[in-house]
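Below is one structure; the comments refer to it alone.
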Amino acid sequence: MGGLENGATYNQNSVPSTNKTGLSPDSIINLDQGDPTLFEPYWRKMGDKCTLVIGGCDLMSYFSDIGNICWFLQPQLGDAIKGLHRAVGNAVTDGRHFVVGTGSTQLFMAAIYALSSPSASHPVSLVAAAPYYSGYKDQAEFLRSGLYKWEGDARTFDKDGPYIEVVTSPNNPDGAIREAVVNLGEGKLVYDLAYYWPQYTPITHPLDHDIMLFTFSKCTGHAGSRIGWALVKDREVARKMTEYMQISSIGVSKESQLRAAKILGVLSEGCQHFRTAASENFFEYSHRIMRERWESLQNVVKNSKIFSLPRFPQDFCNFTGKYTDSNPAFAWLHSKEDIDWESLLREHKIIGRSGEKFGADQKYVRISMFSPPEAFTLFLERLSAIIDITNGNLAGGEESSVIECS
């Protein structure tokens with residue numbers, strides 16, 4: 001999951017990722033949010049292929065398919081989701097129940113609700129291995145439900161009784177490929193697979209888990225449509241997730257569903273021409289853009305004596321048919337010195353998200369790789385200046401300090 005996470009809000013004094021105006025040397029660069037407008041040029045190039053016309057008398061009923069467990073799922077979207085997973089090869093869809101939600105955030109809450117027991121004497125424990133997505137804790141604690149309780153890092157969890165472990169793979173914030181870590185008898189798993197797409201990581205095999213969450217926003221970049229989907233093995237779990245959606249929002253916007261179906265269909269069609277001269281498939285385009293960004297960032301960070309980035313080995317991608325790199329949506333910067341990364345960046349007019357919000361410490365910071373090109377270029381310039389300062393302090397025998405940029 002991603003987006004305006006963990007209470008992030010729009011700040012008119014910063015440069016959000018949707019800002020299309022020129023930047024000044026004094027502009028604040030907001031790299032806190034995972035807003036994927038980076039991919040907008042590709043979809044603009046598609047022109048009318050993704051255009052959808054909806055009449056004033058269309059889509060007026062609450063209901064879409066009363067014979068389906070998820071009765072508000074538009075059949076066109078279900079077909080498009082199945083076709084895309086088949087084309088990419090990243091998830092098993094046969095024998096699964098499809099549940100659509102208002103982004104994967106709502107589906108995450110629906111999954112927790114479905115896996116909890118109202119008759120239990122104690123709330124079920126909810127855990128994720130640190131560093132974990134910063135939104136899980138806030139979402140779990142927001143309603144102060146008696147059904148579940150956030151217990152933090154799965155690596156240190158040792159309580160008896162039922163628990164739910166959320167496995168994010170590739171992980172947000174550090175891009176690592178994850179599996180469950182608790183492995184106790186009464187556990188249930190929810191797999192958040194928002195970034196298991198070819199632009200971010202090699203697709204090594206189709207995943208086959210009980211509950212798998214995906215989101216339209218990170219697949220194609222269309223965060224504003226607020227569409228996510230869950231692939232669920234168990235019928236009763238799918239029914240309870242649908243019940244949660246019915247109570248919380250009485251379904252999901254049909255207009256958004258049909259727009260998503262249209263765009264996913266165009267994406268799947270492009271996959272048929274992959275590795276041909278016909279056109280550049282979206283996954284080829286987005287992988288190239290992400291790869292270029294990571295190479296630029298790595299070239300800057302390698303000059304630092306104290307800062308580092310995670311290393312990702314190449315793996316064989318079944319979708320591309322070759323060994324490819326991982327290009328995570330976020331950079332997980334680390335300092336071996338005792339530096340408050342978030343505060344240091346703010347002194348240089350860069351907004352990142354502290355590692356403390358991910359169950360780590362302040363020597364880590366998460367940086368979005370989705371910013372507009374001019375904002376990303378300015379970020380690299382400022383980061384390079386920070387590295388020059390910290391390297392100079394070390395050479396001079398001084399403690400690393402926060403120095404404001406002019």
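The way I read the labels, and the way they are meant: chains A, B, ... in the order of the structure tokens, residue 1 as the first residue of every chain, and ligand 1 as the first ligand shown, with later ones counted on from there.
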List every residue of range 190-307 of chain A that has an atom at most 7 Å from any atom of range 69-80 of chain A, and for each one report the closest atom pair and its distance in Å to one decimal, counting only C-alpha atoms, with rows sorted by chain and then by increasing residue number, as JSON lines.
{"residue": "A:Arg239", "atom": "CA", "partner": "A:Ile69", "partner_atom": "CA", "distance": 6.0}
{"residue": "A:Thr242", "atom": "CA", "partner": "A:Cys70", "partner_atom": "CA", "distance": 5.6}
{"residue": "A:Gly251", "atom": "CA", "partner": "A:Phe72", "partner_atom": "CA", "distance": 5.5}
{"residue": "A:Val252", "atom": "CA", "partner": "A:Phe72", "partner_atom": "CA", "distance": 6.7}
{"residue": "A:Lys254", "atom": "CA", "partner": "A:Gln74", "partner_atom": "CA", "distance": 6.9}
{"residue": "A:Gln257", "atom": "CA", "partner": "A:Leu77", "partner_atom": "CA", "distance": 6.1}
{"residue": "A:Leu258", "atom": "CA", "partner": "A:Leu77", "partner_atom": "CA", "distance": 6.4}
{"residue": "A:Ala260", "atom": "CA", "partner": "A:Leu77", "partner_atom": "CA", "distance": 6.9}
{"residue": "A:Ala261", "atom": "CA", "partner": "A:Leu77", "partner_atom": "CA", "distance": 4.5}
{"residue": "A:Leu264", "atom": "CA", "partner": "A:Ala80", "partner_atom": "CA", "distance": 5.9}
{"residue": "A:Gly265", "atom": "CA", "partner": "A:Ala80", "partner_atom": "CA", "distance": 5.6}
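Excluding Asn299 in chain A and any residue on its chain fewer than 4 positions from it, the residues at most 12 Å away by only C-alpha atoms are A:Glu292, A:Arg293, A:Trp294, A:Glu295, A:Asn303, A:Ser304, A:Ser308, A:Leu309, A:Leu380, A:Glu381, A:Leu383, A:Ser384, A:Ile387.
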Deliver the residues from the most recent selection as a file, using C-alpha atoms, as a compact mmCIF listing (two decimals), in the first residue's frame.
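Dumped to part.txt:
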# COMPACT_ATOMS: atom_id res chain seq x y z
CA GLU A 292 17.10 5.19 -14.62
CA ARG A 293 16.07 6.80 -11.34
CA TRP A 294 17.70 4.12 -9.23
CA GLU A 295 20.93 4.33 -11.20
CA ASN A 303 30.08 8.93 -2.98
CA SER A 304 29.03 9.00 0.67
CA SER A 308 23.91 3.60 2.03
CA LEU A 309 21.04 1.99 0.12
CA LEU A 380 19.69 14.54 -6.18
CA GLU A 381 21.47 17.90 -6.23
CA LEU A 383 21.46 15.06 -1.52
CA SER A 384 24.83 15.41 -3.23
CA ILE A 387 26.98 14.11 1.17
*Neighbours of Val53 in chain A within 12 Å (only C-alpha atoms; same-chain residues fewer than 5 positions away dropped), as a PyMOL selection string?*
chain A and resi 48+58-59+255+258-259+262
Check your understanding: Can you tell me, as a PyMOL selection string, what residues are no more than 9 Å from Ala180 in chain A when counting only C-alpha atoms, ignoring any on the same chain fewer than 6 positions away?
Key -> chain A and resi 128-129+154+165-167+189
Could you go through range 102-310 of chain A and tell me which residues DSSP, when run on the backbone, assigns to strand (DSSP E), listing them as a PyMOL selection string? chain A and resi 124-128+148-153+163-168+187-192+211-215+228-232+307-308
Deliver the residues from the most recent selection as a file, using C-alpha atoms, as a compact mmCIF listing (two decimals), in the first residue's frame.
# COMPACT_ATOMS: atom_id res chain seq x y z
CA VAL A 124 -6.47 -10.97 17.80
CA SER A 125 -2.86 -9.76 17.57
CA LEU A 126 -1.84 -7.96 14.38
CA VAL A 127 1.86 -7.91 13.43
CA ALA A 128 4.23 -7.18 10.54
CA TYR A 148 -7.80 -6.78 16.84
CA LYS A 149 -4.78 -5.11 18.42
CA TRP A 150 -1.60 -3.85 16.81
CA GLU A 151 1.38 -5.66 18.38
CA GLY A 152 4.18 -4.27 16.20
CA ASP A 153 7.20 -6.17 14.92
CA TYR A 163 -2.61 -13.64 15.36
CA ILE A 164 -2.66 -12.04 11.92
CA GLU A 165 0.64 -11.36 10.16
CA VAL A 166 0.74 -8.91 7.27
CA VAL A 167 3.43 -9.77 4.72
CA THR A 168 4.32 -6.97 2.30
CA GLY A 187 -1.69 -17.58 12.70
CA LYS A 188 -3.39 -16.21 9.59
CA LEU A 189 -1.64 -14.35 6.81
CA VAL A 190 -2.52 -11.37 4.64
CA TYR A 191 -0.18 -10.71 1.70
CA ASP A 192 0.05 -7.09 0.55
CA ILE A 211 -5.47 -13.55 0.83
CA MET A 212 -3.57 -11.40 -1.68
CA LEU A 213 -4.09 -7.63 -1.94
CA PHE A 214 -3.34 -5.55 -5.04
CA THR A 215 -3.91 -1.90 -5.91
CA GLY A 228 -7.89 -2.19 -5.16
CA TRP A 229 -8.71 -5.87 -5.28
CA ALA A 230 -8.24 -8.98 -3.18
CA LEU A 231 -7.82 -12.55 -4.40
CA VAL A 232 -9.30 -14.74 -1.67
CA PHE A 307 25.04 6.78 3.77
CA SER A 308 23.91 3.60 2.03
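Minimum atom-to-atom distances from A:Ser145, A:Asn281, A:Ser268, A:Thr105 to Pro118 in chain A were compared using only C-alpha atoms, and the lowest value belongs to A:Ser145.
Distance-wise, CA of Glu284 in chain A and CA of Asp94 in chain A end up 26.5 Å apart.
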Task: Ser343 in chain A surroundings by only C-alpha atoms, 10 Å radius, close-in-sequence under 5 positions cut, as a PyMOL selection string - done: chain A and resi 348-354+362+365+402
Take the residues just selected and output them with N, CA and C atoms as a PDB file, in the first residue's frame.
ATOM      1  N   HIS A 348      17.397  20.798   4.542  1.00  0.00           N
ATOM      2  CA  HIS A 348      17.725  21.022   3.132  1.00  0.00           C
ATOM      3  C   HIS A 348      16.465  21.054   2.263  1.00  0.00           C
ATOM      4  N   LYS A 349      15.343  21.306   2.911  1.00  0.00           N
ATOM      5  CA  LYS A 349      14.054  21.507   2.232  1.00  0.00           C
ATOM      6  C   LYS A 349      13.610  20.280   1.443  1.00  0.00           C
ATOM      7  N   ILE A 350      13.828  19.125   2.050  1.00  0.00           N
ATOM      8  CA  ILE A 350      13.367  17.847   1.494  1.00  0.00           C
ATOM      9  C   ILE A 350      12.525  17.154   2.562  1.00  0.00           C
ATOM     10  N   ILE A 351      11.332  16.720   2.192  1.00  0.00           N
ATOM     11  CA  ILE A 351      10.464  16.022   3.137  1.00  0.00           C
ATOM     12  C   ILE A 351      10.505  14.531   2.839  1.00  0.00           C
ATOM     13  N   GLY A 352      11.051  13.756   3.784  1.00  0.00           N
ATOM     14  CA  GLY A 352      11.025  12.297   3.712  1.00  0.00           C
ATOM     15  C   GLY A 352      10.261  11.764   4.905  1.00  0.00           C
ATOM     16  N   ARG A 353      10.258  10.470   5.094  1.00  0.00           N
ATOM     17  CA  ARG A 353       9.540   9.871   6.227  1.00  0.00           C
ATOM     18  C   ARG A 353      10.508   9.073   7.089  1.00  0.00           C
ATOM     19  N   SER A 354      10.568   9.436   8.359  1.00  0.00           N
ATOM     20  CA  SER A 354      11.526   8.848   9.284  1.00  0.00           C
ATOM     21  C   SER A 354      11.341   7.347   9.428  1.00  0.00           C
ATOM     22  N   GLN A 362      15.710   6.452  13.643  1.00  0.00           N
ATOM     23  CA  GLN A 362      15.831   7.694  12.899  1.00  0.00           C
ATOM     24  C   GLN A 362      17.035   7.718  11.965  1.00  0.00           C
ATOM     25  N   VAL A 365      15.526   6.654   6.573  1.00  0.00           N
ATOM     26  CA  VAL A 365      14.483   7.515   6.044  1.00  0.00           C
ATOM     27  C   VAL A 365      13.979   6.909   4.738  1.00  0.00           C
ATOM     28  N   VAL A 402      23.951  19.078  11.045  1.00  0.00           N
ATOM     29  CA  VAL A 402      22.925  19.552  10.130  1.00  0.00           C
ATOM     30  C   VAL A 402      23.266  20.976   9.742  1.00  0.00           C
TER      31      VAL A 402
END
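Among the candidate residues A:Ser134, A:Ser253, A:Gln314, A:Ser116, the one lying nearest to Tyr62 in chain A is A:Ser253, with distances computed using only C-alpha atoms.
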